[in-house]
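Colleague: Input structure: work-v1.txt, which contains compact mmCIF, C-alpha atoms.
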```txt
# COMPACT_ATOMS: atom_id res chain seq x y z
CA MET A 54 44.04 23.30 6.03
CA ILE A 55 42.75 21.70 2.83
CA LEU A 56 44.59 22.57 -0.35
CA LEU A 57 42.86 22.00 -3.66
CA TYR A 58 44.69 21.59 -6.91
CA LEU A 59 43.23 21.59 -10.41
CA ASP A 60 45.63 20.62 -13.14
CA PRO A 61 45.07 21.96 -16.69
CA GLY A 62 43.39 18.71 -17.74
CA SER A 63 40.77 19.06 -15.00
CA GLY A 64 40.14 22.69 -15.89
CA SER A 65 39.74 21.77 -19.56
CA PHE A 66 37.29 19.02 -18.61
CA LEU A 67 35.21 21.43 -16.53
CA ILE A 68 35.08 23.91 -19.42
CA GLN A 69 33.99 21.13 -21.81
CA LEU A 70 31.34 20.06 -19.33
CA LEU A 71 30.00 23.61 -19.09
CA ILE A 72 29.92 24.04 -22.88
CA ALA A 73 28.23 20.67 -23.38
CA THR A 74 25.59 21.51 -20.76
CA ILE A 75 24.80 24.85 -22.40
CA ALA A 76 24.65 23.25 -25.85
CA GLY A 77 22.45 20.40 -24.64
CA LEU A 78 20.03 22.72 -22.89
CA SER A 79 19.77 24.98 -25.91
CA ILE A 80 19.01 22.03 -28.20
CA ALA A 81 16.43 20.62 -25.76
CA ILE A 82 14.73 24.00 -25.36
CA GLY A 83 14.80 24.63 -29.11
CA ALA A 84 13.27 21.26 -29.90
CA ASN A 85 10.44 21.81 -27.41
CA TRP A 86 9.97 25.57 -27.81
CA SER A 87 6.37 25.32 -29.05
CA LYS A 88 5.41 23.21 -26.04
CA ILE A 89 7.12 25.65 -23.69
CA LYS A 90 5.34 28.62 -25.28
CA ARG A 91 2.02 26.82 -25.02
CA LEU A 92 2.56 26.11 -21.31
CA LEU A 93 3.67 29.65 -20.45
CA GLY A 94 1.63 31.68 -22.91
CA LYS A 95 -1.96 32.66 -23.32
CA LYS A 96 -4.37 30.40 -25.09
CA LYS A 97 -5.30 31.37 -28.63
CA HIS A 98 -8.83 32.24 -29.56
CA LYS A 99 -10.79 30.00 -31.88
CA VAL A 100 -10.05 30.37 -35.58
CA GLU A 101 -12.82 31.95 -37.64
CA THR A 102 -15.21 29.51 -39.23
CA ASP A 103 -15.71 29.18 -42.97
CA ASP A 104 -19.08 30.98 -42.79
CA GLU A 105 -17.40 34.16 -41.59
CA ASP A 106 -14.80 33.94 -44.36
CA ASP A 107 -17.54 33.94 -47.04
CA ASP A 108 -18.62 37.45 -45.99
CA ASP A 109 -15.22 38.83 -47.01
CA ASP A 110 -15.90 37.99 -50.67
CA LYS A 111 -18.75 40.53 -50.77
CA ASP A 112 -16.33 43.39 -50.07
CA ILE A 113 -14.18 42.62 -53.12
CA GLN A 114 -15.03 44.75 -56.12
CA HIS A 115 -14.73 43.01 -59.43
CA PRO A 116 -14.00 44.80 -62.72
CA GLY A 117 -17.20 45.77 -64.50
CA ASP A 118 -19.30 46.15 -61.33
```
The structure in this file should be written as structure tokens.
Modeller:
Amino acid sequence: MILLYLDPGSGSFLIQLLIATIAGLSIAIGANWSKIKRLLGKKKHKVETDDEDDDDDKDIQHPGD
């Protein structure tokens, strides 16, 4: 029979290791979140061109018109 013993120092080390792993992963994911979203998400459609934006000015009513 194999008996395993973990003293309090070993248990504390394992808890620190777990916390450090979670913190490290969260920082790595947070720093690369835009890249992750781009890989997993849908691609965006093209942004409207400047010619299409000029048409919006015609809808604005100016005082005195």
Colleague: Kindly give the distance, in Å, that separates atom CA of A:Ala81 and atom CA of A:Leu93, rounded to a single decimal.
Modeller: 16.5 Å
Colleague: Tell me, in Å to one decimal, how far atom CA of A:Leu70 is from atom CA of A:Leu92.
Modeller: 29.5 Å
Colleague: Just to confirm, what's the straight-line distance from atom CA of A:Ile55 to atom CA of A:Ile68 in Å (one decimal)?
Modeller: 23.6 Å
